[in-house]
$ cat query_6.pdb   # PDB, C-alpha atoms, pLDDT in the B column
ATOM      1  CA  MET R   1     103.941  88.844  71.646  1.00 65.00           C
ATOM      2  CA  LYS R   2     101.214  86.529  70.460  1.00 67.00           C
ATOM      3  CA  VAL R   3      99.556  87.228  67.101  1.00 60.00           C
ATOM      4  CA  ILE R   4      96.101  85.826  66.395  1.00 56.00           C
ATOM      5  CA  LYS R   5      95.876  84.179  62.984  1.00 65.00           C
ATOM      6  CA  LEU R   6      92.155  84.756  62.379  1.00 79.00           C
ATOM      7  CA  ALA R   7      92.680  87.864  60.291  1.00 80.00           C
ATOM      8  CA  ASN R   8      92.073  87.663  56.570  1.00 88.00           C
ATOM      9  CA  THR R   9      93.255  91.086  55.488  1.00 94.00           C
ATOM     10  CA  LYS R  10      96.529  92.917  55.886  1.00 94.00           C
ATOM     11  CA  GLN R  11      94.756  95.722  57.717  1.00 95.00           C
ATOM     12  CA  GLN R  12      93.231  93.360  60.270  1.00 93.00           C
ATOM     13  CA  LYS R  13      96.576  91.682  60.879  1.00 92.00           C
ATOM     14  CA  LYS R  14      98.079  95.079  61.616  1.00 94.00           C
ATOM     15  CA  ARG R  15      95.175  95.954  63.938  1.00 94.00           C
ATOM     16  CA  ASN R  16      95.686  92.688  65.825  1.00 92.00           C
ATOM     17  CA  ILE R  17      99.342  93.543  66.387  1.00 94.00           C
ATOM     18  CA  GLN R  18      98.458  97.068  67.525  1.00 96.00           C
ATOM     19  CA  ASN R  19      95.762  95.808  69.888  1.00 95.00           C
ATOM     20  CA  GLU R  20      98.122  93.293  71.447  1.00 95.00           C
ATOM     21  CA  LYS R  21     100.745  96.006  72.065  1.00 96.00           C
ATOM     22  CA  ARG R  22      98.114  98.231  73.660  1.00 96.00           C
ATOM     23  CA  ARG R  23      96.779  95.378  75.796  1.00 97.00           C
ATOM     24  CA  VAL R  24     100.249  94.654  77.174  1.00 97.00           C
ATOM     25  CA  ARG R  25     100.937  98.340  77.840  1.00 97.00           C
ATOM     26  CA  ASN R  26      97.572  98.810  79.561  1.00 97.00           C
ATOM     27  CA  SER R  27      98.051  95.770  81.772  1.00 97.00           C
ATOM     28  CA  GLN R  28     101.485  97.060  82.831  1.00 98.00           C
ATOM     29  CA  THR R  29      99.986 100.424  83.732  1.00 97.00           C
ATOM     30  CA  LYS R  30      97.162  98.825  85.721  1.00 98.00           C
ATOM     31  CA  SER R  31      99.716  96.715  87.542  1.00 98.00           C
ATOM     32  CA  SER R  32     101.746  99.799  88.449  1.00 98.00           C
ATOM     33  CA  ILE R  33      98.568 101.430  89.805  1.00 98.00           C
ATOM     34  CA  ARG R  34      97.897  98.410  92.023  1.00 98.00           C
ATOM     35  CA  THR R  35     101.521  98.372  93.206  1.00 98.00           C
ATOM     36  CA  ALA R  36     101.460 102.077  94.067  1.00 97.00           C
ATOM     37  CA  ALA R  37      98.198 101.623  95.983  1.00 98.00           C
ATOM     38  CA  LYS R  38      99.678  98.712  97.925  1.00 97.00           C
ATOM     39  CA  LYS R  39     102.700 100.828  98.859  1.00 96.00           C
ATOM     40  CA  VAL R  40     100.449 103.590 100.207  1.00 96.00           C
ATOM     41  CA  ASN R  41      98.371 101.056 102.157  1.00 95.00           C
ATOM     42  CA  LYS R  42     101.462  99.409 103.598  1.00 94.00           C
ATOM     43  CA  ILE R  43     102.965 102.700 104.755  1.00 93.00           C
ATOM     44  CA  THR R  44      99.735 103.997 106.294  1.00 92.00           C
ATOM     45  CA  GLU R  45      99.019 100.743 108.130  1.00 90.00           C
ATOM     46  CA  SER R  46     102.512 100.118 109.504  1.00 88.00           C
ATOM     47  CA  LYS R  47     103.036 100.854 113.190  1.00 78.00           C
ATOM     48  CA  ASP R  48     106.609 102.094 112.841  1.00 79.00           C
ATOM     49  CA  ASN R  49     107.429 105.701 113.517  1.00 66.00           C
ATOM     50  CA  GLN R  50     107.322 107.403 110.162  1.00 76.00           C
ATOM     51  CA  ASP R  51     107.840 110.759 108.678  1.00 87.00           C
ATOM     52  CA  VAL R  52     104.751 112.543 107.399  1.00 91.00           C
ATOM     53  CA  THR R  53     106.575 113.512 104.220  1.00 92.00           C
ATOM     54  CA  VAL R  54     107.211 109.844 103.334  1.00 92.00           C
ATOM     55  CA  ILE R  55     103.505 109.047 103.529  1.00 93.00           C
ATOM     56  CA  GLN R  56     102.548 112.108 101.523  1.00 94.00           C
ATOM     57  CA  GLU R  57     105.229 111.438  98.899  1.00 96.00           C
ATOM     58  CA  THR R  58     104.092 107.861  98.282  1.00 96.00           C
ATOM     59  CA  TYR R  59     100.509 109.076  97.990  1.00 97.00           C
ATOM     60  CA  ARG R  60     101.608 111.793  95.555  1.00 98.00           C
ATOM     61  CA  LEU R  61     103.323 109.172  93.375  1.00 97.00           C
ATOM     62  CA  PHE R  62     100.160 107.054  93.440  1.00 98.00           C
ATOM     63  CA  VAL R  63      98.074 110.050  92.361  1.00 98.00           C
ATOM     64  CA  LYS R  64     100.499 110.812  89.545  1.00 98.00           C
ATOM     65  CA  THR R  65     100.358 107.221  88.301  1.00 97.00           C
ATOM     66  CA  ILE R  66      96.578 106.920  88.362  1.00 98.00           C
ATOM     67  CA  ASP R  67      95.974 110.394  86.896  1.00 98.00           C
ATOM     68  CA  THR R  68      98.252 109.592  83.972  1.00 97.00           C
ATOM     69  CA  ALA R  69      96.370 106.346  83.364  1.00 97.00           C
ATOM     70  CA  ALA R  70      93.016 108.130  83.598  1.00 97.00           C
ATOM     71  CA  GLY R  71      94.172 110.768  81.134  1.00 97.00           C
ATOM     72  CA  LYS R  72      95.117 108.063  78.646  1.00 96.00           C
ATOM     73  CA  GLY R  73      91.821 106.242  79.141  1.00 96.00           C
ATOM     74  CA  ILE R  74      93.334 103.127  80.717  1.00 96.00           C
ATOM     75  CA  VAL R  75      91.096 103.564  83.754  1.00 97.00           C
ATOM     76  CA  LYS R  76      87.989 105.715  83.875  1.00 97.00           C
ATOM     77  CA  LYS R  77      88.261 109.129  85.473  1.00 97.00           C
ATOM     78  CA  ARG R  78      85.652 108.422  88.122  1.00 98.00           C
ATOM     79  CA  THR R  79      87.340 105.149  89.032  1.00 97.00           C
ATOM     80  CA  ALA R  80      90.592 107.033  89.496  1.00 98.00           C
ATOM     81  CA  ASP R  81      88.861 109.685  91.606  1.00 98.00           C
ATOM     82  CA  ARG R  82      87.234 107.028  93.785  1.00 98.00           C
ATOM     83  CA  LYS R  83      90.521 105.222  94.404  1.00 98.00           C
ATOM     84  CA  LYS R  84      92.302 108.489  95.185  1.00 98.00           C
ATOM     85  CA  SER R  85      89.566 109.507  97.607  1.00 98.00           C
ATOM     86  CA  ARG R  86      89.651 106.226  99.494  1.00 97.00           C
ATOM     87  CA  LEU R  87      93.416 106.285  99.836  1.00 97.00           C
ATOM     88  CA  ALA R  88      93.367 109.977 100.794  1.00 97.00           C
ATOM     89  CA  LYS R  89      91.181 109.120 103.785  1.00 97.00           C
ATOM     90  CA  LYS R  90      93.721 106.523 104.936  1.00 95.00           C
ATOM     91  CA  VAL R  91      96.614 108.921 104.402  1.00 95.00           C
ATOM     92  CA  ASN R  92      94.885 111.708 106.310  1.00 95.00           C
ATOM     93  CA  THR R  93      94.103 109.469 109.282  1.00 93.00           C
ATOM     94  CA  ALA R  94      97.694 108.157 109.325  1.00 92.00           C
ATOM     95  CA  VAL R  95      99.111 111.688 109.185  1.00 91.00           C
ATOM     96  CA  ALA R  96      96.732 112.839 111.930  1.00 92.00           C
ATOM     97  CA  ALA R  97      97.827 109.931 114.125  1.00 89.00           C
ATOM     98  CA  LEU R  98     101.479 110.927 113.744  1.00 86.00           C
ATOM     99  CA  LYS R  99     100.892 114.529 114.775  1.00 79.00           C
TER     100      LYS R  99
END

$ encode --input "query_6.pdb" --output "structure tokens"
Amino acid sequence: MKVIKLANTKQQKKRNIQNEKRRVRNSQTKSSIRTAAKKVNKITESKDNQDVTVIQETYRLFVKTIDTAAGKGIVKKRTADRKKSRLAKKVNTAVAALK
């Protein structure tokens, strides 16, 4: 963890430490959102015979991840809704193709 040495007061030093912790935590959460989205994309675009439940389960995990982040304010709610909607279209077309 890197601490910026520009602070003059004890309070500002503490705030810098807190902000750095939050920044690291937020970047980890955003990374997990991107990873979950990539997993959903990979499963929906693969040509292998798949089970519908596998596709739906990976999408459900993506939704859980992004909704948690939106609830904590890491991503905006409308951004989360937009990403979920776009992936839902892909999931629905993949599921329809398997049926």

$ closest_residue --input "query_6.pdb" --among "R:Thr79, R:Thr44, R:Thr53, R:Thr58" --to "Ala97 of chain R" --atoms "only C-alpha atoms"
R:Thr44

$ resolve_selection --input "query_6.pdb" --expression "the PyMOL selection byres ((chain R and resi 84-91) around 8)" --output "CSV table (one decimal) with C-alpha atoms, keeping the file's coordinate frame"
chain,number,residue,atom,x,y,z
R,37,ALA,CA,98.2,101.6,96.0
R,40,VAL,CA,100.4,103.6,100.2
R,41,ASN,CA,98.4,101.1,102.2
R,44,THR,CA,99.7,104.0,106.3
R,55,ILE,CA,103.5,109.0,103.5
R,56,GLN,CA,102.5,112.1,101.5
R,59,TYR,CA,100.5,109.1,98.0
R,63,VAL,CA,98.1,110.0,92.4
R,80,ALA,CA,90.6,107.0,89.5
R,81,ASP,CA,88.9,109.7,91.6
R,82,ARG,CA,87.2,107.0,93.8
R,83,LYS,CA,90.5,105.2,94.4
R,92,ASN,CA,94.9,111.7,106.3
R,93,THR,CA,94.1,109.5,109.3
R,94,ALA,CA,97.7,108.2,109.3
R,95,VAL,CA,99.1,111.7,109.2

$ resolve_selection --input "query_6.pdb" --expression "the PyMOL selection byres ((chain R and resi 70) around 12)" --output "number ranges by chain"
R: 26, 29-30, 33, 63-69, 71-84

$ axis_aligned_box --input "query_6.pdb" --around "segment 6-23 of chain R" --padding-each-side "5 Å" --output "JSON"
{"center_x": 96.4, "center_y": 91.5, "center_z": 65.6, "size_x": 18.7, "size_y": 23.5, "size_z": 30.3}

$ atom_distance --input "query_6.pdb" --atom1 "atom CA of Arg25 of chain R" --atom2 "atom CA of Phe62 of chain R"
17.9 Å

$ atom_distance --input "query_6.pdb" --atom1 "atom CA of Lys47 of chain R" --atom2 "atom CA of Arg34 of chain R"
21.9 Å

$ atom_distance --input "query_6.pdb" --atom1 "atom CA of Ile43 of chain R" --atom2 "atom CA of Ser31 of chain R"
18.5 Å

$ residues_around --input "query_6.pdb" --residues "Ala7 of chain R" --least-positions-apart "5" --cutoff "8 Å" --atoms "all atoms listed in the file" --output "PyMOL selection string"
chain R and resi 12-13+16

$ closest_residue --input "query_6.pdb" --among "R:Asn8, R:Ala96, R:Gln50, R:Leu61" --to "Ser32 of chain R" --atoms "only C-alpha atoms"
R:Leu61

$ build_atoms --input "query_6.pdb" --residues "segment 56-81 of chain R" --atoms "N, CA and C atoms" --output "PDB file, keeping the file's coordinate frame"
ATOM      1  N   GLN R  56     103.103 111.206 102.533  1.00 94.00           N
ATOM      2  CA  GLN R  56     102.548 112.108 101.523  1.00 94.00           C
ATOM      3  C   GLN R  56     103.223 111.924 100.166  1.00 94.00           C
ATOM      4  N   GLU R  57     104.509 111.630 100.165  1.00 96.00           N
ATOM      5  CA  GLU R  57     105.229 111.438  98.899  1.00 96.00           C
ATOM      6  C   GLU R  57     104.767 110.175  98.185  1.00 96.00           C
ATOM      7  N   THR R  58     104.569 109.088  98.930  1.00 96.00           N
ATOM      8  CA  THR R  58     104.092 107.861  98.282  1.00 96.00           C
ATOM      9  C   THR R  58     102.668 108.053  97.745  1.00 96.00           C
ATOM     10  N   TYR R  59     101.857 108.788  98.484  1.00 97.00           N
ATOM     11  CA  TYR R  59     100.509 109.076  97.990  1.00 97.00           C
ATOM     12  C   TYR R  59     100.570 109.943  96.739  1.00 97.00           C
ATOM     13  N   ARG R  60     101.471 110.913  96.726  1.00 98.00           N
ATOM     14  CA  ARG R  60     101.608 111.793  95.555  1.00 98.00           C
ATOM     15  C   ARG R  60     102.017 110.984  94.323  1.00 98.00           C
ATOM     16  N   LEU R  61     102.922 110.018  94.496  1.00 97.00           N
ATOM     17  CA  LEU R  61     103.323 109.172  93.375  1.00 97.00           C
ATOM     18  C   LEU R  61     102.170 108.305  92.886  1.00 97.00           C
ATOM     19  N   PHE R  62     101.346 107.822  93.822  1.00 98.00           N
ATOM     20  CA  PHE R  62     100.160 107.054  93.440  1.00 98.00           C
ATOM     21  C   PHE R  62      99.212 107.917  92.614  1.00 98.00           C
ATOM     22  N   VAL R  63      98.985 109.145  93.075  1.00 98.00           N
ATOM     23  CA  VAL R  63      98.074 110.050  92.361  1.00 98.00           C
ATOM     24  C   VAL R  63      98.603 110.342  90.964  1.00 98.00           C
ATOM     25  N   LYS R  64      99.901 110.548  90.853  1.00 98.00           N
ATOM     26  CA  LYS R  64     100.499 110.812  89.545  1.00 98.00           C
ATOM     27  C   LYS R  64     100.289 109.629  88.608  1.00 98.00           C
ATOM     28  N   THR R  65     100.508 108.422  89.119  1.00 97.00           N
ATOM     29  CA  THR R  65     100.358 107.221  88.301  1.00 97.00           C
ATOM     30  C   THR R  65      98.929 107.050  87.824  1.00 97.00           C
ATOM     31  N   ILE R  66      97.973 107.186  88.732  1.00 98.00           N
ATOM     32  CA  ILE R  66      96.578 106.920  88.362  1.00 98.00           C
ATOM     33  C   ILE R  66      96.010 108.054  87.511  1.00 98.00           C
ATOM     34  N   ASP R  67      96.449 109.285  87.738  1.00 98.00           N
ATOM     35  CA  ASP R  67      95.974 110.394  86.896  1.00 98.00           C
ATOM     36  C   ASP R  67      96.486 110.258  85.467  1.00 98.00           C
ATOM     37  N   THR R  68      97.709 109.815  85.313  1.00 97.00           N
ATOM     38  CA  THR R  68      98.252 109.592  83.972  1.00 97.00           C
ATOM     39  C   THR R  68      97.451 108.514  83.252  1.00 97.00           C
ATOM     40  N   ALA R  69      97.145 107.436  83.960  1.00 97.00           N
ATOM     41  CA  ALA R  69      96.370 106.346  83.364  1.00 97.00           C
ATOM     42  C   ALA R  69      94.958 106.810  83.018  1.00 97.00           C
ATOM     43  N   ALA R  70      94.363 107.626  83.872  1.00 97.00           N
ATOM     44  CA  ALA R  70      93.016 108.130  83.598  1.00 97.00           C
ATOM     45  C   ALA R  70      93.024 109.075  82.395  1.00 97.00           C
ATOM     46  N   GLY R  71      94.069 109.861  82.276  1.00 97.00           N
ATOM     47  CA  GLY R  71      94.172 110.768  81.134  1.00 97.00           C
ATOM     48  C   GLY R  71      94.308 110.032  79.814  1.00 97.00           C
ATOM     49  N   LYS R  72      94.943 108.862  79.859  1.00 96.00           N
ATOM     50  CA  LYS R  72      95.117 108.063  78.646  1.00 96.00           C
ATOM     51  C   LYS R  72      93.949 107.117  78.396  1.00 96.00           C
ATOM     52  N   GLY R  73      92.998 107.076  79.333  1.00 96.00           N
ATOM     53  CA  GLY R  73      91.821 106.242  79.141  1.00 96.00           C
ATOM     54  C   GLY R  73      92.020 104.795  79.557  1.00 96.00           C
ATOM     55  N   ILE R  74      93.088 104.501  80.279  1.00 96.00           N
ATOM     56  CA  ILE R  74      93.334 103.127  80.717  1.00 96.00           C
ATOM     57  C   ILE R  74      92.377 102.764  81.842  1.00 96.00           C
ATOM     58  N   VAL R  75      92.162 103.701  82.761  1.00 97.00           N
ATOM     59  CA  VAL R  75      91.096 103.564  83.754  1.00 97.00           C
ATOM     60  C   VAL R  75      90.183 104.768  83.598  1.00 97.00           C
ATOM     61  N   LYS R  76      88.926 104.601  83.997  1.00 97.00           N
ATOM     62  CA  LYS R  76      87.989 105.715  83.875  1.00 97.00           C
ATOM     63  C   LYS R  76      88.288 106.774  84.923  1.00 97.00           C
ATOM     64  N   LYS R  77      87.944 108.006  84.597  1.00 97.00           N
ATOM     65  CA  LYS R  77      88.261 109.129  85.473  1.00 97.00           C
ATOM     66  C   LYS R  77      87.593 108.977  86.833  1.00 97.00           C
ATOM     67  N   ARG R  78      86.359 108.553  86.849  1.00 98.00           N
ATOM     68  CA  ARG R  78      85.652 108.422  88.122  1.00 98.00           C
ATOM     69  C   ARG R  78      86.216 107.277  88.968  1.00 98.00           C
ATOM     70  N   THR R  79      86.682 106.239  88.309  1.00 97.00           N
ATOM     71  CA  THR R  79      87.340 105.149  89.032  1.00 97.00           C
ATOM     72  C   THR R  79      88.610 105.666  89.691  1.00 97.00           C
ATOM     73  N   ALA R  80      89.369 106.449  88.951  1.00 98.00           N
ATOM     74  CA  ALA R  80      90.592 107.033  89.496  1.00 98.00           C
ATOM     75  C   ALA R  80      90.273 107.950  90.675  1.00 98.00           C
ATOM     76  N   ASP R  81      89.251 108.773  90.525  1.00 98.00           N
ATOM     77  CA  ASP R  81      88.861 109.685  91.606  1.00 98.00           C
ATOM     78  C   ASP R  81      88.433 108.917  92.854  1.00 98.00           C
TER      79      ASP R  81
END
